Each structure stands twice: as structure tokens, then as C-alpha cells.
file structure_18.cif (mmCIF, C-alpha atoms and all ligand atoms)
data_final
#
loop_
_atom_site.label_atom_id
_atom_site.label_comp_id
_atom_site.auth_asym_id
_atom_site.auth_seq_id
_atom_site.Cartn_x
_atom_site.Cartn_y
_atom_site.Cartn_z
CA MET A 1 150.94 77.06 28.75
CA ASN A 2 152.04 80.09 26.80
CA ALA A 3 155.10 78.30 25.43
CA PRO A 4 156.08 79.17 21.88
CA GLN A 5 154.29 77.06 19.28
CA SER A 6 152.00 75.45 21.82
CA ARG A 7 148.90 73.72 20.52
CA VAL A 8 145.84 74.86 22.42
CA GLY A 9 142.33 73.44 22.09
CA VAL A 10 139.37 75.71 22.80
CA LEU A 11 136.02 74.26 23.81
CA GLY A 12 133.33 76.90 24.02
CA GLY A 13 129.90 76.24 25.44
CA THR A 14 127.23 77.38 27.81
CA PHE A 15 128.32 74.66 30.27
CA ASP A 16 124.99 74.90 32.07
CA PRO A 17 126.27 72.72 33.68
CA ILE A 18 129.52 71.14 32.46
CA HIS A 19 129.21 67.32 32.19
CA HIS A 20 131.31 64.29 31.33
CA GLY A 21 130.37 64.52 27.64
CA HIS A 22 132.28 67.81 27.44
CA LEU A 23 135.26 66.44 29.34
CA ALA A 24 135.47 63.18 27.38
CA ALA A 25 135.35 65.09 24.09
CA ALA A 26 138.07 67.51 25.22
CA SER A 27 140.23 64.65 26.44
CA GLU A 28 139.90 62.69 23.21
CA VAL A 29 140.76 65.67 21.00
CA CYS A 30 143.68 66.51 23.27
CA ALA A 31 145.16 63.04 22.75
CA GLU A 32 144.25 62.69 19.08
CA LEU A 33 145.68 66.07 18.02
CA ARG A 34 148.51 66.05 20.59
CA LEU A 35 147.39 69.31 22.13
CA ASP A 36 149.33 70.84 25.02
CA GLN A 37 146.20 72.16 26.67
CA VAL A 38 142.45 72.51 26.24
CA LEU A 39 140.77 75.70 27.42
CA LEU A 40 137.12 75.49 28.42
CA VAL A 41 135.50 78.83 27.70
CA PRO A 42 132.04 79.37 29.18
CA ALA A 43 129.90 81.72 27.11
CA ASN A 44 128.37 84.79 28.67
CA GLY A 45 125.20 84.81 26.56
CA GLN A 46 124.61 82.33 23.75
CA PRO A 47 123.27 83.74 20.45
CA PHE A 48 121.18 80.62 19.78
CA LYS A 49 119.77 80.54 23.32
CA GLN A 50 118.22 83.99 23.64
CA GLY A 51 115.23 84.10 25.90
CA PHE A 52 116.59 81.11 27.73
CA ASP A 53 117.43 81.74 31.35
CA SER A 54 120.76 80.06 32.04
CA ALA A 55 122.36 79.74 35.46
CA PRO A 56 124.45 82.80 36.43
CA ALA A 57 127.78 83.09 34.62
CA GLU A 58 129.76 82.94 37.89
CA ASP A 59 128.16 79.60 38.77
CA ARG A 60 128.82 78.12 35.32
CA LEU A 61 132.43 79.38 35.48
CA GLU A 62 132.98 77.97 38.95
CA MET A 63 131.57 74.56 37.96
CA CYS A 64 134.00 74.48 35.01
CA ARG A 65 136.86 75.29 37.39
CA LEU A 66 135.82 72.49 39.75
CA ALA A 67 135.49 70.07 36.83
CA VAL A 68 139.06 70.58 35.55
CA GLN A 69 140.76 70.39 38.94
CA GLY A 70 143.32 67.63 38.97
CA ASP A 71 143.71 67.42 35.19
CA GLU A 72 146.69 69.49 34.06
CA ARG A 73 145.65 69.28 30.41
CA PHE A 74 142.59 71.40 31.08
CA ALA A 75 142.14 75.03 32.11
CA VAL A 76 139.23 77.46 32.15
CA SER A 77 139.23 80.88 30.49
CA PRO A 78 136.84 83.59 31.68
CA VAL A 79 137.46 85.65 28.53
CA ASP A 80 133.86 85.51 27.26
CA ILE A 81 132.29 86.19 30.65
CA GLU A 82 134.65 89.11 31.28
CA ARG A 83 133.80 90.63 27.86
CA GLY A 84 130.10 90.26 28.68
CA GLY A 85 127.15 90.55 26.30
CA ILE A 86 126.33 87.88 23.75
CA THR A 87 129.26 85.58 23.07
CA TYR A 88 130.36 85.16 19.47
CA THR A 89 133.13 82.71 18.62
CA VAL A 90 134.84 85.31 16.45
CA ASP A 91 135.36 87.47 19.58
CA THR A 92 136.46 84.49 21.70
CA LEU A 93 139.12 83.56 19.17
CA THR A 94 140.25 87.13 18.54
CA ASP A 95 140.80 87.67 22.27
CA LEU A 96 142.53 84.33 22.78
CA ARG A 97 144.80 85.00 19.79
CA ALA A 98 145.84 88.27 21.45
CA GLN A 99 146.49 86.49 24.77
CA LEU A 100 148.36 83.58 23.18
CA PRO A 101 150.04 85.07 20.11
CA GLU A 102 152.40 82.12 19.60
CA ALA A 103 149.85 79.34 20.01
CA SER A 104 148.02 77.37 17.34
CA LEU A 105 144.35 77.33 18.29
CA TYR A 106 142.01 74.38 17.68
CA PHE A 107 138.35 75.22 18.21
CA ILE A 108 136.43 72.12 19.24
CA THR A 109 132.74 71.85 18.37
CA GLY A 110 130.18 69.07 18.63
CA ALA A 111 128.37 67.82 15.53
CA ASP A 112 125.12 69.48 16.66
CA ALA A 113 126.68 72.93 16.96
CA LEU A 114 128.76 72.67 13.79
CA ALA A 115 125.65 71.88 11.77
CA ARG A 116 124.68 75.57 12.18
CA PHE A 117 128.16 76.90 11.41
CA ASP A 118 126.96 79.01 8.46
CA GLU A 119 124.85 81.08 10.85
CA TRP A 120 127.80 81.95 13.08
CA ARG A 121 128.87 85.56 13.05
CA ASP A 122 131.74 86.21 10.60
CA ALA A 123 131.81 82.51 9.71
CA GLU A 124 134.10 83.19 6.75
CA ARG A 125 136.74 84.77 9.00
CA LEU A 126 136.78 82.05 11.61
CA SER A 127 139.10 79.68 9.81
CA ASP A 128 141.79 82.39 9.80
CA LEU A 129 141.68 82.48 13.59
CA ALA A 130 141.71 78.77 14.44
CA GLN A 131 141.53 75.28 13.02
CA PHE A 132 138.03 73.89 13.53
CA VAL A 133 137.76 70.40 14.93
CA GLY A 134 134.40 68.64 14.87
CA VAL A 135 133.60 65.98 17.44
CA THR A 136 130.94 63.31 17.06
CA ARG A 137 127.99 63.46 19.42
CA ALA A 138 125.53 60.76 20.40
CA GLY A 139 122.16 61.31 18.72
CA HIS A 140 123.58 63.54 15.98
CA SER A 141 124.56 62.21 12.58
CA PHE A 142 128.08 62.56 11.32
CA PRO A 143 127.71 65.81 9.39
CA GLU A 144 128.72 66.25 5.80
CA SER A 145 129.65 69.81 6.69
CA ASP A 146 133.05 70.91 5.45
CA ALA A 147 133.24 73.56 8.18
CA ALA A 148 135.70 71.41 10.13
CA HIS A 149 139.34 70.87 9.23
CA ALA A 150 139.31 67.62 11.13
CA TRP A 151 136.83 65.28 12.80
CA VAL A 152 137.55 63.34 15.94
CA GLU A 153 135.34 60.43 16.89
CA VAL A 154 134.82 60.57 20.63
CA PRO A 155 133.33 57.93 22.95
CA GLU A 156 129.57 58.41 22.80
CA LEU A 157 128.23 59.75 26.04
CA ALA A 158 124.56 60.49 25.54
CA VAL A 159 124.51 63.25 28.13
CA SER A 160 123.52 66.87 27.67
CA SER A 161 123.21 69.86 29.99
CA THR A 162 119.50 69.97 29.10
CA ASP A 163 119.13 66.43 30.41
CA ILE A 164 121.09 67.25 33.58
CA ARG A 165 118.83 70.24 34.30
CA ARG A 166 115.71 68.09 33.76
CA ARG A 167 117.10 65.44 36.05
CA VAL A 168 117.79 67.91 38.83
CA ARG A 169 114.26 69.26 38.55
CA ALA A 170 112.83 65.74 38.62
CA GLY A 171 115.01 64.64 41.53
CA ALA A 172 116.74 62.03 39.32
CA PRO A 173 120.45 61.23 39.85
CA ILE A 174 123.18 63.19 38.07
CA ARG A 175 126.15 61.56 39.76
CA TYR A 176 128.49 59.89 37.23
CA LEU A 177 127.07 62.18 34.54
CA VAL A 178 128.90 65.21 35.94
CA PRO A 179 132.05 65.35 38.09
CA ARG A 180 131.29 64.82 41.76
CA ALA A 181 132.34 68.37 42.70
CA VAL A 182 129.89 69.73 40.12
CA ALA A 183 127.03 67.62 41.49
CA ASP A 184 127.86 68.89 44.98
CA TYR A 185 127.99 72.51 43.76
CA ILE A 186 124.57 72.17 42.10
CA ALA A 187 123.10 70.75 45.30
CA HIS A 188 124.68 73.34 47.60
CA HIS A 189 123.67 76.29 45.44
CA ASP A 190 120.25 74.92 44.65
CA LEU A 191 120.78 75.33 40.92
CA TYR A 192 118.21 74.15 38.35
CA ALA A 193 115.71 72.95 40.92
CA GLY A 194 113.78 76.20 40.77
CA GLY A 195 112.34 75.59 37.31
CA ILE A 196 114.75 77.17 34.85
CA ASP A 197 113.01 76.77 31.51
CA ASP A 198 114.48 74.73 28.70
P1 LIG B 201 122.51 72.17 26.21
O1 LIG B 201 121.71 70.90 26.27
O2 LIG B 201 122.15 73.18 27.24
O3 LIG B 201 122.62 72.75 24.82
P2 LIG B 201 125.02 70.81 25.88
O4 LIG B 201 125.12 69.51 26.59
O5 LIG B 201 124.74 70.78 24.41
O6 LIG B 201 124.00 71.73 26.63
P3 LIG B 201 126.83 72.98 25.44
O7 LIG B 201 127.40 73.83 26.51
O8 LIG B 201 125.72 73.50 24.59
O9 LIG B 201 126.35 71.60 26.17
O10 LIG B 201 127.98 72.39 24.51
C1 LIG B 201 129.26 72.92 24.38
C2 LIG B 201 129.99 72.14 23.28
O11 LIG B 201 130.21 70.78 23.69
C3 LIG B 201 129.21 72.07 21.97
O12 LIG B 201 130.15 72.16 20.89
C4 LIG B 201 128.57 70.70 22.02
O13 LIG B 201 128.30 70.18 20.74
C5 LIG B 201 129.65 69.89 22.72
N1 LIG B 201 129.09 68.75 23.46
C6 LIG B 201 128.22 68.80 24.48
N2 LIG B 201 127.92 67.57 24.94
C7 LIG B 201 128.62 66.69 24.17
C8 LIG B 201 128.72 65.25 24.15
N3 LIG B 201 128.01 64.48 24.99
N4 LIG B 201 129.55 64.70 23.22
C9 LIG B 201 130.23 65.48 22.36
N5 LIG B 201 130.18 66.84 22.33
C10 LIG B 201 129.39 67.44 23.22
MG MG B 202 124.16 72.50 23.37
#

call {"tool": "encode", "arguments": {"input": "structure_18.cif", "output": "C-alpha cells"}}
result
Amino acid sequence: MNAPQSRVGVLGGTFDPIHHGHLAAASEVCAELRLDQVLLVPANGQPFKQGFDSAPAEDRLEMCRLAVQGDERFAVSPVDIERGGITYTVDTLTDLRAQLPEASLYFITGADALARFDEWRDAERLSDLAQFVGVTRAGHSFPESDAAHAWVEVPELAVSSTDIRRRVRAGAPIRYLVPRAVADYIAHHDLYAGGIDD
């Protein structure tokens, strides 16, 4: 992966849990921008989700690892979880730049998240660290925001982690919304059933 001049996508998120909306978006950007690899980077703590009790970082990381198995384009980076504390994209990108000094980084963000870009820490510095790529998201309008260098229209999968958590609590099916190994992991570790608040 660390080949000179490689083009590396970075998809950050809470991934609580990872679902097919994340994977379809990463896959589409990978093809559209001819990326060599997409790194999924689970956040440790999310600045916009304080007070929200997410599943443990190790579980979210492991579900990401299970989800990318068998797809060589994808890998998972524990950089944010290893740093700990609240995850800010500026730190994610600074650390990844140090690990991959020759790579061009493309930070992938859904329309919902990019709409709040101005509130991100050190927003003005971020475009020096990576190219920002917006992806369309079902239920969110195509933003006028100029925070993204490029927009990629991805197949609309109206799935969210919030919806997956609700479904688990309600005993509704999540198969086909998340990779099978992720559904099995959730069942075996009894995640989300115990009333994690949204
Ligand atoms: P939650 O409901 O807990 O916020 P989520 O489904 O939004 O979960 P996140 O981990 O918050 O998942 O999202 C990580 C990134 O993936 C964000 O940039 C988000 O916009 C993007 N994303 C998530 N789901 C989709 C989807 N279905 N289509 C396109 N982008 C998505
Ligand atoms: Mg979200």
C-alpha cells in the first residue's frame, strides 16, 4: 500500500456498527477516483456525539476488520483508537500523512457530515492535509458546500448505524444491511440489545 505516489482514500466514522452504506460509498469513490486503497478509520470518541454511549472501540474496530475481509481495496487503520480521546480529523490526517508520506490522501465524507464542516477543528488547515471528497447520502440534499474538492454520487442505500442499532433493539433483521460477519459479531457479543441510547 505504501507505494510511492499511491492514492489512498480515508473514510472516518464511528462505525457503530459499519454497514453496507459505508462500504458502497467507499467502493464507489475508489473506482471513481482510481484510488489504490481506502482506509476505514474508526473514531475513538466523536466530537459531535458527546454524551452518546457508543459500543466499545475494540468492538467497532473488529467489526470494521471483519467487514473488509476479502476485499483487497479496503483496509482498517486503528490510528484514531490508538491515539485515544476525542477524534478530530485534523489529527487523523496528520498521523496518516506521517505514516504514508508519499501518498495522496482523499478524505471521504457523507453529505450529512460535510454540512457541518465549518465546525470541524482547524477546518482551514484540513485542505492542506488531504483532498476532501463528498459523497451523496440518501435523505440528505446535495449540499451547496464548497468544502469538498469533488463530489461522488454513490448508489443510495438508506441505511444508517442509528437504524441498525434500533433494529437490533427491536429484534428486526439487519442481515443484508451489514456484512454477514458483522451481523454474527453483533449477535455473539450481544451488542446494541442492551439499550444503548441514540
Ligand atoms: P450514525 O447513525 O450513528 O451517525 P452513520 O450511519 O451516519 O451512523 P457514521 O459512522 O456516522 O455512520 O458515518 C461515517 C461516514 O460515512 C460519514 O461521513 C457518513 O456521512 C458516511 N455514511 C454513512 N452512511 C452512509 C450512506 N448510507 N451513504 C453514504 N455515506 C454514508
Ligand atoms: Mg453519522

call {"tool": "residues_near_point", "arguments": {"input": "structure_18.cif", "point": "(138.3, 84.1, 31.5)", "cutoff": "12 Å", "atoms": "all atoms listed in the file", "output": "ChimeraX atom specification"}}
result
/A:12,39-44,57-58,60-62,64-65,75-84,92,95-96,99

call {"tool": "residues_around", "arguments": {"input": "structure_18.cif", "residues": "Trp120 in chain A", "least_positions_apart": "4", "cutoff": "10 Å", "atoms": "all atoms listed in the file", "output": "compact mmCIF listing (two decimals) with C-alpha atoms, in the frame of the given file"}}
result
# COMPACT_ATOMS: atom_id res chain seq x y z
CA PRO A 47 123.27 83.74 20.45
CA PHE A 48 121.18 80.62 19.78
CA TYR A 88 130.36 85.16 19.47
CA THR A 89 133.13 82.71 18.62
CA VAL A 90 134.84 85.31 16.45
CA ALA A 113 126.68 72.93 16.96
CA LEU A 114 128.76 72.67 13.79
CA ARG A 116 124.68 75.57 12.18
CA GLU A 124 134.10 83.19 6.75
CA LEU A 126 136.78 82.05 11.61

call {"tool": "residues_near_ligand", "arguments": {"input": "structure_18.cif", "ligand": "ligand LIG 201 (chain B)", "cutoff": "8 Å", "atoms": "all atoms listed in the file", "output": "number ranges by chain"}}
result
A: 11-22, 24-25, 42, 108-114, 135-138, 154-163, 198

call {"tool": "closest_residue", "arguments": {"input": "structure_18.cif", "among": "A:Leu23, A:Glu32, A:Ala187, A:Arg7", "to": "Gln69 in chain A", "atoms": "only C-alpha atoms"}}
result
A:Leu23

call {"tool": "closest_atom_pairs", "arguments": {"input": "structure_18.cif", "of": "range 88-146 of chain A", "to": "range 33-38 of chain A", "cutoff": "10 Å", "atoms": "all atoms listed in the file", "output": "CSV"}}
result
residue,atom,partner,partner_atom,distance
A:Ala103,CA,A:Asp36,CA,9.9
A:Ser104,CA,A:Leu35,CA,9.4
A:Leu105,CA,A:Leu35,CA,9.4
A:Tyr106,CA,A:Leu35,CA,8.6
A:Phe107,CA,A:Val38,CA,9.4
A:Ile108,CA,A:Val38,CA,9.2
A:Val133,CA,A:Leu33,CA,9.5

call {"tool": "atom_distance", "arguments": {"input": "structure_18.cif", "atom1": "CA of Glu119 in chain A", "atom2": "CA of Val178 in chain A"}}
result
30.0 Å

call {"tool": "atom_distance", "arguments": {"input": "structure_18.cif", "atom1": "CA of Glu153 in chain A", "atom2": "CA of Gly139 in chain A"}}
result
13.3 Å

call {"tool": "atom_distance", "arguments": {"input": "structure_18.cif", "atom1": "CA of Asp53 in chain A", "atom2": "CA of Phe132 in chain A"}}
result
28.3 Å

call {"tool": "residues_around", "arguments": {"input": "structure_18.cif", "residues": "Leu66 in chain A", "least_positions_apart": "5", "cutoff": "9 Å", "atoms": "only C-alpha atoms", "output": "VMD selection string"}}
result
chain A and resid 61 179 181 to 182 185

call {"tool": "axis_aligned_box", "arguments": {"input": "structure_18.cif", "around": "range 42-45 of chain A", "padding_each_side": "8 Å", "output": "JSON"}}
result
{"center_x": 128.6, "center_y": 82.1, "center_z": 27.9, "size_x": 22.8, "size_y": 21.4, "size_z": 18.6}

call {"tool": "closest_residue", "arguments": {"input": "structure_18.cif", "among": "A:Ala115, A:Ala123, A:Ala193, A:Ala147", "to": "ligand MG 202 (chain B)", "atoms": "all atoms listed in the file"}}
result
A:Ala115

call {"tool": "closest_residue", "arguments": {"input": "structure_18.cif", "among": "A:Thr94, A:Trp151, A:Cys30, A:Ser141", "to": "Asp71 in chain A", "atoms": "only C-alpha atoms"}}
result
A:Cys30

call {"tool": "build_atoms", "arguments": {"input": "structure_18.cif", "residues": "range 6-33 of chain A", "atoms": "N, CA and C atoms", "output": "mmCIF file, in the frame of the given file"}}
result
data_model
loop_
_atom_site.group_PDB
_atom_site.id
_atom_site.type_symbol
_atom_site.label_atom_id
_atom_site.label_comp_id
_atom_site.auth_asym_id
_atom_site.auth_seq_id
_atom_site.Cartn_x
_atom_site.Cartn_y
_atom_site.Cartn_z
ATOM 1 N N SER A 6 152.833 76.442 21.148
ATOM 2 C CA SER A 6 152.000 75.450 21.820
ATOM 3 C C SER A 6 150.689 75.260 21.050
ATOM 4 N N ARG A 7 150.136 74.089 21.207
ATOM 5 C CA ARG A 7 148.900 73.720 20.520
ATOM 6 C C ARG A 7 147.784 73.726 21.557
ATOM 7 N N VAL A 8 146.850 74.629 21.386
ATOM 8 C CA VAL A 8 145.840 74.860 22.420
ATOM 9 C C VAL A 8 144.440 74.603 21.844
ATOM 10 N N GLY A 9 143.719 73.677 22.457
ATOM 11 C CA GLY A 9 142.330 73.440 22.090
ATOM 12 C C GLY A 9 141.432 74.423 22.824
ATOM 13 N N VAL A 10 140.326 74.773 22.189
ATOM 14 C CA VAL A 10 139.370 75.710 22.800
ATOM 15 C C VAL A 10 137.987 75.074 22.693
ATOM 16 N N LEU A 11 137.377 74.801 23.837
ATOM 17 C CA LEU A 11 136.020 74.260 23.810
ATOM 18 C C LEU A 11 135.085 75.292 24.415
ATOM 19 N N GLY A 12 134.297 75.912 23.559
ATOM 20 C CA GLY A 12 133.330 76.900 24.020
ATOM 21 C C GLY A 12 131.994 76.228 24.289
ATOM 22 N N GLY A 13 131.222 76.800 25.172
ATOM 23 C CA GLY A 13 129.900 76.240 25.440
ATOM 24 C C GLY A 13 129.207 77.033 26.513
ATOM 25 N N THR A 14 127.947 76.719 26.710
ATOM 26 C CA THR A 14 127.230 77.380 27.810
ATOM 27 C C THR A 14 127.608 76.711 29.133
ATOM 28 N N PHE A 15 127.918 75.419 29.074
ATOM 29 C CA PHE A 15 128.320 74.660 30.270
ATOM 30 C C PHE A 15 127.335 74.902 31.414
ATOM 31 N N ASP A 16 126.085 74.589 31.137
ATOM 32 C CA ASP A 16 124.990 74.900 32.070
ATOM 33 C C ASP A 16 124.250 73.635 32.488
ATOM 34 N N PRO A 17 124.887 72.686 33.175
ATOM 35 C CA PRO A 17 126.270 72.720 33.680
ATOM 36 C C PRO A 17 127.222 71.909 32.785
ATOM 37 N N ILE A 18 128.522 72.001 33.112
ATOM 38 C CA ILE A 18 129.520 71.140 32.460
ATOM 39 C C ILE A 18 129.241 69.684 32.854
ATOM 40 N N HIS A 19 129.467 68.750 31.915
ATOM 41 C CA HIS A 19 129.210 67.320 32.190
ATOM 42 C C HIS A 19 130.325 66.478 31.573
ATOM 43 N N HIS A 20 130.233 65.170 31.792
ATOM 44 C CA HIS A 20 131.310 64.290 31.330
ATOM 45 C C HIS A 20 131.379 64.171 29.811
ATOM 46 N N GLY A 21 130.303 64.494 29.107
ATOM 47 C CA GLY A 21 130.370 64.520 27.640
ATOM 48 C C GLY A 21 131.360 65.568 27.163
ATOM 49 N N HIS A 22 131.326 66.745 27.794
ATOM 50 C CA HIS A 22 132.280 67.810 27.440
ATOM 51 C C HIS A 22 133.712 67.356 27.722
ATOM 52 N N LEU A 23 133.901 66.777 28.906
ATOM 53 C CA LEU A 23 135.260 66.440 29.340
ATOM 54 C C LEU A 23 135.830 65.290 28.519
ATOM 55 N N ALA A 24 134.987 64.306 28.196
ATOM 56 C CA ALA A 24 135.470 63.180 27.380
ATOM 57 C C ALA A 24 135.834 63.652 25.980
ATOM 58 N N ALA A 25 135.043 64.562 25.431
ATOM 59 C CA ALA A 25 135.350 65.090 24.090
ATOM 60 C C ALA A 25 136.664 65.869 24.119
ATOM 61 N N ALA A 26 136.833 66.709 25.124
ATOM 62 C CA ALA A 26 138.070 67.510 25.220
ATOM 63 C C ALA A 26 139.283 66.598 25.388
ATOM 64 N N SER A 27 139.131 65.571 26.180
ATOM 65 C CA SER A 27 140.230 64.650 26.440
ATOM 66 C C SER A 27 140.624 63.896 25.172
ATOM 67 N N GLU A 28 139.622 63.461 24.422
ATOM 68 C CA GLU A 28 139.900 62.690 23.210
ATOM 69 C C GLU A 28 140.609 63.547 22.159
ATOM 70 N N VAL A 29 140.130 64.784 21.985
ATOM 71 C CA VAL A 29 140.760 65.670 21.000
ATOM 72 C C VAL A 29 142.184 66.010 21.439
ATOM 73 N N CYS A 30 142.358 66.193 22.726
ATOM 74 C CA CYS A 30 143.680 66.510 23.270
ATOM 75 C C CYS A 30 144.679 65.422 22.886
ATOM 76 N N ALA A 31 144.262 64.165 23.069
ATOM 77 C CA ALA A 31 145.160 63.040 22.750
ATOM 78 C C ALA A 31 145.347 62.894 21.248
ATOM 79 N N GLU A 32 144.227 62.947 20.536
ATOM 80 C CA GLU A 32 144.250 62.690 19.080
ATOM 81 C C GLU A 32 145.089 63.725 18.340
ATOM 82 N N LEU A 33 144.972 64.982 18.723
ATOM 83 C CA LEU A 33 145.680 66.070 18.020
ATOM 84 C C LEU A 33 146.946 66.507 18.763
#
